[in-house]
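Asks: Pasting model32.txt here (compact mmCIF, C-alpha atoms):
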```txt
# COMPACT_ATOMS: atom_id res chain seq x y z
CA MET I 20 0.00 0.00 0.00
CA ALA I 21 1.16 3.48 -0.81
CA ILE I 22 -0.22 6.30 1.29
CA ALA I 23 -0.14 10.09 1.32
CA TRP I 24 -1.64 12.64 3.64
CA LYS I 25 -1.53 16.35 4.21
CA GLU I 26 -2.78 18.41 7.11
CA PHE I 27 -4.48 21.63 5.94
CA TRP I 28 -5.29 24.00 8.76
CA SER I 29 -6.87 27.09 7.22
CA ASN I 30 -8.67 28.58 10.24
CA SER I 31 -11.06 31.24 8.95
CA THR I 32 -9.65 31.56 5.42
CA PRO I 33 -11.66 29.76 2.71
CA GLY I 34 -9.61 27.94 0.11
CA THR I 35 -8.48 24.58 -1.20
CA ALA I 36 -5.60 22.22 -0.50
CA ALA I 37 -3.99 19.99 -3.12
CA LEU I 38 -2.67 16.68 -1.77
CA THR I 39 0.22 15.26 -3.80
CA ILE I 40 -0.25 11.64 -4.89
CA ALA I 41 1.57 9.32 -7.31
CA PRO I 42 -0.41 6.07 -7.63
CA ALA I 43 0.27 3.26 -10.09
CA ALA I 44 -2.29 2.48 -12.79
CA ASP I 45 -5.19 0.40 -11.41
CA ASP I 46 -4.48 1.30 -7.78
CA PHE I 47 -7.61 1.94 -5.72
CA LEU I 48 -7.69 5.37 -4.09
CA ILE I 49 -9.61 6.40 -0.96
CA GLY I 50 -9.89 10.07 -0.08
CA VAL I 51 -11.22 11.36 3.26
CA ALA I 52 -11.59 14.84 4.74
CA PHE I 53 -12.50 15.69 8.35
CA SER I 54 -13.56 19.12 9.52
CA ASP I 55 -12.82 20.68 12.88
CA SER I 56 -15.50 21.66 15.38
CA ASN I 57 -18.00 24.45 14.74
CA ASP I 58 -17.11 24.82 11.05
CA ALA I 59 -19.34 23.89 8.13
CA PHE I 60 -17.61 21.70 5.56
CA GLU I 61 -19.18 21.47 2.12
CA ALA I 62 -17.02 19.13 0.06
CA THR I 63 -16.87 19.22 -3.71
CA VAL I 64 -16.39 15.79 -5.30
CA PRO I 65 -12.94 15.83 -6.92
CA THR I 66 -13.04 15.25 -10.69
CA GLY I 67 -13.26 11.54 -11.52
CA TRP I 68 -14.01 10.47 -7.93
CA THR I 69 -17.14 8.78 -6.52
CA GLU I 70 -18.66 10.03 -3.26
CA ASP I 71 -19.07 7.35 -0.56
CA ALA I 72 -20.06 9.30 2.55
CA ASP I 73 -20.92 12.86 3.54
CA THR I 74 -22.16 13.30 7.10
CA GLY I 75 -22.75 17.01 6.75
CA MET I 76 -22.45 18.93 10.00
CA VAL I 77 -22.98 16.59 12.94
CA SER I 78 -24.37 18.76 15.73
CA THR I 79 -23.77 16.08 18.37
CA ASN I 80 -20.08 16.11 17.47
CA ASP I 81 -19.56 19.87 17.84
CA ASN I 82 -20.51 20.40 14.18
CA ALA I 83 -17.63 18.34 12.80
CA SER I 84 -18.01 16.67 9.39
CA LEU I 85 -16.71 13.64 7.49
CA TYR I 86 -16.43 13.24 3.72
CA ALA I 87 -15.17 10.13 1.87
CA CYS I 88 -14.73 9.23 -1.81
CA HIS I 89 -12.87 6.75 -4.06
CA LYS I 90 -11.61 6.20 -7.60
CA LYS I 91 -9.63 3.78 -9.76
CA ALA I 92 -6.26 5.31 -10.56
CA VAL I 93 -5.21 5.68 -14.19
CA GLY I 94 -1.60 6.19 -13.15
CA ASN I 95 -1.09 9.82 -14.11
CA GLU I 96 -2.69 11.44 -11.05
CA THR I 97 -0.42 13.94 -9.30
CA SER I 98 -2.79 15.53 -6.79
CA VAL I 99 -6.31 15.58 -5.40
CA THR I 100 -8.10 18.63 -4.05
CA PHE I 101 -11.06 18.82 -1.67
CA ALA I 102 -12.71 22.19 -2.22
CA HIS I 103 -14.67 23.66 0.68
CA GLN I 104 -17.27 26.39 0.71
CA PHE I 105 -16.59 28.09 4.01
CA GLY I 106 -13.67 29.06 6.20
CA VAL I 107 -12.93 25.78 7.90
CA ASN I 108 -10.30 23.81 9.75
CA PHE I 109 -9.90 20.39 8.20
CA ILE I 110 -7.49 17.53 7.62
CA GLN I 111 -7.53 15.63 4.34
CA TYR I 112 -6.15 12.21 3.57
CA VAL I 113 -5.60 9.95 0.53
CA ALA I 114 -4.52 6.28 0.53
CA SER I 115 -3.56 4.25 -2.56
CA TYR I 116 -4.10 0.46 -2.43
CA SER I 117 -2.62 -2.14 -4.76
CA GLY I 118 -3.99 -5.66 -5.28
CA VAL I 119 -7.63 -4.49 -5.32
CA ASP I 120 -10.26 -5.57 -7.85
CA THR I 121 -10.95 -2.14 -9.34
CA THR I 122 -13.84 -3.43 -11.47
CA THR I 123 -15.87 -4.31 -8.35
CA ALA I 124 -13.68 -2.85 -5.65
CA LEU I 125 -16.03 -2.36 -2.72
CA ASP I 126 -16.70 -5.78 -1.21
CA VAL I 127 -19.52 -4.34 0.90
CA ALA I 128 -20.97 -0.90 1.50
CA ILE I 129 -18.74 1.23 3.67
CA VAL I 130 -19.66 1.95 7.30
CA THR I 131 -19.61 5.42 8.84
CA LEU I 132 -19.95 6.66 12.42
CA ALA I 133 -20.97 10.05 13.79
CA SER I 134 -20.94 10.38 17.56
CA SER I 135 -19.91 12.63 20.42
CA THR I 136 -19.78 9.84 22.98
CA ALA I 137 -16.74 10.21 25.22
CA SER I 138 -15.37 6.70 24.72
CA ALA I 139 -11.78 5.63 24.27
CA ASP I 140 -12.78 2.84 21.83
CA THR I 141 -14.66 3.13 18.55
CA ASP I 142 -15.96 -0.09 16.97
CA LEU I 143 -17.27 -0.42 13.40
CA ALA I 144 -18.56 -3.70 11.97
CA ILE I 145 -18.36 -4.89 8.36
CA THR I 146 -18.86 -8.25 6.62
CA PRO I 147 -16.60 -8.83 3.60
CA VAL I 148 -17.77 -11.70 1.40
CA THR I 149 -14.42 -12.28 -0.30
CA ASN I 150 -11.53 -13.80 1.60
CA GLY I 151 -8.43 -11.59 1.57
CA ALA I 152 -10.28 -8.27 1.57
CA ALA I 153 -8.34 -5.17 2.58
CA ILE I 154 -9.90 -3.44 5.58
CA ALA I 155 -9.32 0.32 5.76
CA TYR I 156 -10.32 2.33 8.83
CA VAL I 157 -10.01 6.14 8.93
CA PHE I 158 -10.75 7.87 12.22
CA GLY I 159 -11.08 11.52 13.20
CA ALA I 160 -11.26 12.65 16.82
CA ASP I 161 -12.48 16.05 18.01
CA GLU I 162 -10.48 16.25 21.22
CA THR I 163 -11.51 18.32 24.22
CA THR I 164 -7.99 18.83 25.56
CA GLY I 165 -6.09 20.15 22.54
CA ASP I 166 -3.43 17.43 22.94
CA ASP I 167 -2.17 14.92 20.38
CA VAL I 168 -3.37 11.41 21.12
CA GLY I 169 -2.22 7.85 20.47
CA PHE I 170 -4.18 5.44 18.26
CA THR I 171 -4.28 1.64 18.24
CA PHE I 172 -6.18 -0.37 15.60
CA SER I 173 -7.28 -3.95 16.22
CA THR I 174 -9.95 -6.50 15.29
CA VAL I 175 -12.28 -7.75 18.01
CA ALA I 176 -14.44 -10.05 15.85
CA GLY I 177 -13.35 -11.95 12.76
CA THR I 178 -9.73 -12.40 11.75
CA THR I 179 -7.34 -10.13 9.90
CA GLY I 180 -3.62 -9.87 9.48
CA ALA I 181 -1.48 -7.33 11.32
CA TRP I 182 -2.78 -3.75 11.33
CA THR I 183 -0.64 -1.01 9.83
CA THR I 184 -1.26 2.41 11.39
CA ARG I 185 -0.57 5.85 9.95
CA ILE I 186 -1.22 8.97 12.01
CA ASP I 187 -1.62 12.62 11.06
CA GLN I 188 -2.29 14.79 14.07
CA HIS I 189 -2.96 18.39 14.94
CA ALA I 190 -2.63 19.47 18.56
CA ALA I 191 -5.37 22.15 18.30
CA PHE I 192 -8.30 19.90 19.20
CA TYR I 193 -8.51 17.61 16.14
CA ASP I 194 -6.65 14.44 15.21
CA LEU I 195 -6.70 11.91 12.37
CA ALA I 196 -5.47 8.31 12.09
CA HIS I 197 -5.67 5.47 9.57
CA GLY I 198 -5.35 1.72 10.03
CA SER I 199 -5.25 -1.05 7.39
CA ALA I 200 -5.24 -4.84 7.54
CA ILE I 201 -5.72 -7.80 5.20
CA GLN I 202 -8.59 -10.11 6.15
CA THR I 203 -7.45 -13.73 6.48
CA THR I 204 -10.82 -15.39 7.17
CA ALA I 205 -14.03 -14.46 5.35
CA GLY I 206 -16.90 -13.31 7.57
CA ALA I 207 -17.99 -10.51 9.89
CA ILE I 208 -15.30 -8.21 11.30
CA THR I 209 -15.55 -5.60 14.03
CA ALA I 210 -12.63 -3.22 13.79
CA ARG I 211 -11.66 -1.14 16.81
CA CYS I 212 -9.82 2.14 17.07
CA ALA I 213 -8.63 2.84 20.61
CA ARG I 214 -7.17 6.19 21.62
CA THR I 215 -5.66 7.65 24.76
CA LEU I 216 -8.07 10.58 25.24
CA THR I 217 -11.84 10.97 25.04
CA GLY I 218 -13.90 13.28 22.82
CA GLY I 219 -16.29 13.24 19.90
CA ARG I 220 -15.29 11.32 16.80
CA LEU I 221 -16.12 10.46 13.18
CA ALA I 222 -14.98 7.33 11.37
CA VAL I 223 -15.27 5.39 8.11
CA LEU I 224 -14.54 1.71 7.41
CA TYR I 225 -14.00 0.13 3.96
CA ALA I 226 -13.72 -3.49 2.80
CA LEU I 227 -11.90 -3.74 -0.55
CA ARG I 228 -12.26 -6.80 -2.77
CA PRO I 229 -8.90 -8.38 -3.66
CA ALA I 230 -7.89 -8.73 -7.29
CA ALA I 231 -8.41 -12.15 -8.91
CA GLY I 232 -5.57 -14.57 -8.29
CA GLY I 233 -4.60 -13.49 -4.80
CA GLY I 234 -5.28 -11.44 -1.71
CA GLY I 235 -4.65 -7.75 -1.38
CA THR I 236 -1.38 -6.14 -0.37
CA LEU I 237 -0.69 -3.23 1.94
```
Before we go any further, please render this structure as structure tokens.

Replies:
Amino acid sequence: MAIAWKEFWSNSTPGTAALTIAPAADDFLIGVAFSDSNDAFEATVPTGWTEDADTGMVSTNDNASLYACHKKAVGNETSVTFAHQFGVNFIQYVASYSGVDTTTALDVAIVTLASSTASADTDLAITPVTNGAAIAYVFGADETTGDDVGFTFSTVAGTTGAWTTRIDQHAAFYDLAHGSAIQTTAGAITARCARTLTGGRLAVLYALRPAAGGGGTL
């Protein structure tokens, strides 16, 4: 798996942020943007991408927002831009996966969460139907303390391989993390993201169908 991320912290200045990417042809790309508290985030679907989730402003999570989309890479992409309508604090993220069936990439519908519950663990459940699916979990936390936090990804139901964790954090009340694993036994999976501090959070979970002839790779 190749991965890129960029933190864009614009405060009250409207604008856009281009995230540099360099995928191989036929890679599967996932793009996610999280807004900070009390800011409206109106995402524009990047050209050639398909929207998967748009929570809009979630009032129970201090008006934070989550936006997710995907596309099959043609191999000449150099950047992706999430345009926003208002002055907003947000973090954007793009991951590029190899070994994914890009004809029918999504093994099941993605799962999203919007909650302000002060819990250290966030569980999302998904049921891939193809053995060897890649499980991708992206998690945003609206922290109440303004401190960076630690993230641990694991599977509490079903079986996957080892989780790979990438973290992009901002100390001013909002953090983002990503975990990926390859499923080793077909069936229901509950993926958990544990963190060291409490606060509202938004999350999205994907199951990606592996390409014919073998399981996915990270």

Asks: Just give me the gap between CA of Tyr225 (chain I) and CA of Gly180 (chain I) in Å, one decimal is fine.

Replies: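 These two atoms are separated by 15.4 Å.
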
Asks: What is the CA of Leu224 (chain I)-CA of Thr100 (chain I) distance in Å, reported with one decimal?

Replies: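 Distance reported for this atom pair: 21.4 Å.
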
Asks: Using only C-alpha atoms, which residue out of I:Trp68, I:Phe101, I:Phe172, I:Phe109 lies closest to Ser54 (chain I)?

Replies: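 When distances to Ser54 (chain I) are compared using only C-alpha atoms, the smallest one comes from I:Phe109.
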
Asks: Go through I:Gly206, I:Gly159, I:Gly198, I:Gly169 one by one, measure the shortest atom-to-atom distance of each to Ala144 (chain I) using all atoms listed in the file, and give the residue with the smallest value.

Replies: I:Gly206

Asks: When distances are computed from only C-alpha atoms, which of I:Lys91, I:Phe53, I:Gly67, I:Ala196 shows the smallest separation from Thr123 (chain I)?

Replies: I:Lys91

Asks: Select, from I:Asp46, I:Thr184, I:Thr66, I:Ile40, the residue with the minimum atom-to-atom distance to Thr121 (chain I), counting all atoms listed in the file.

Replies: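 Looking at the shortest contact to Thr121 (chain I), the residue is I:Asp46.
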
Asks: In the coordinate frame of the file, compute which residues have an atom within 12 Å of (-5.7, 8.7, 8.2) when using only C-alpha atoms, and state them as a ChimeraX atom specification.

Replies: /I:22-26,49-53,87,110-115,155-160,170,172,183-188,194-199,212,221-224

Asks: Under the rule that only C-alpha atoms are counted, which of I:Val77, I:Ala41, I:Ala124, I:Ala83 is the nearest residue to Asn95 (chain I)?

Replies: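 Ranking I:Val77, I:Ala41, I:Ala124, I:Ala83 by distance to Asn95 (chain I), first place goes to I:Ala41.
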
Asks: State, in Å with one decimal place, the distance from CA of Thr178 (chain I) to CA of Ser134 (chain I).

Replies: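 According to the coordinates, CA of Thr178 (chain I) and CA of Ser134 (chain I) are separated by 26.0 Å.
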
Asks: Ranking I:Leu38, I:Ile201, I:Leu85, I:Ala213 by minimum distance to Leu132 (chain I) and counting all atoms listed in the file, which one comes first?

Replies: I:Leu85
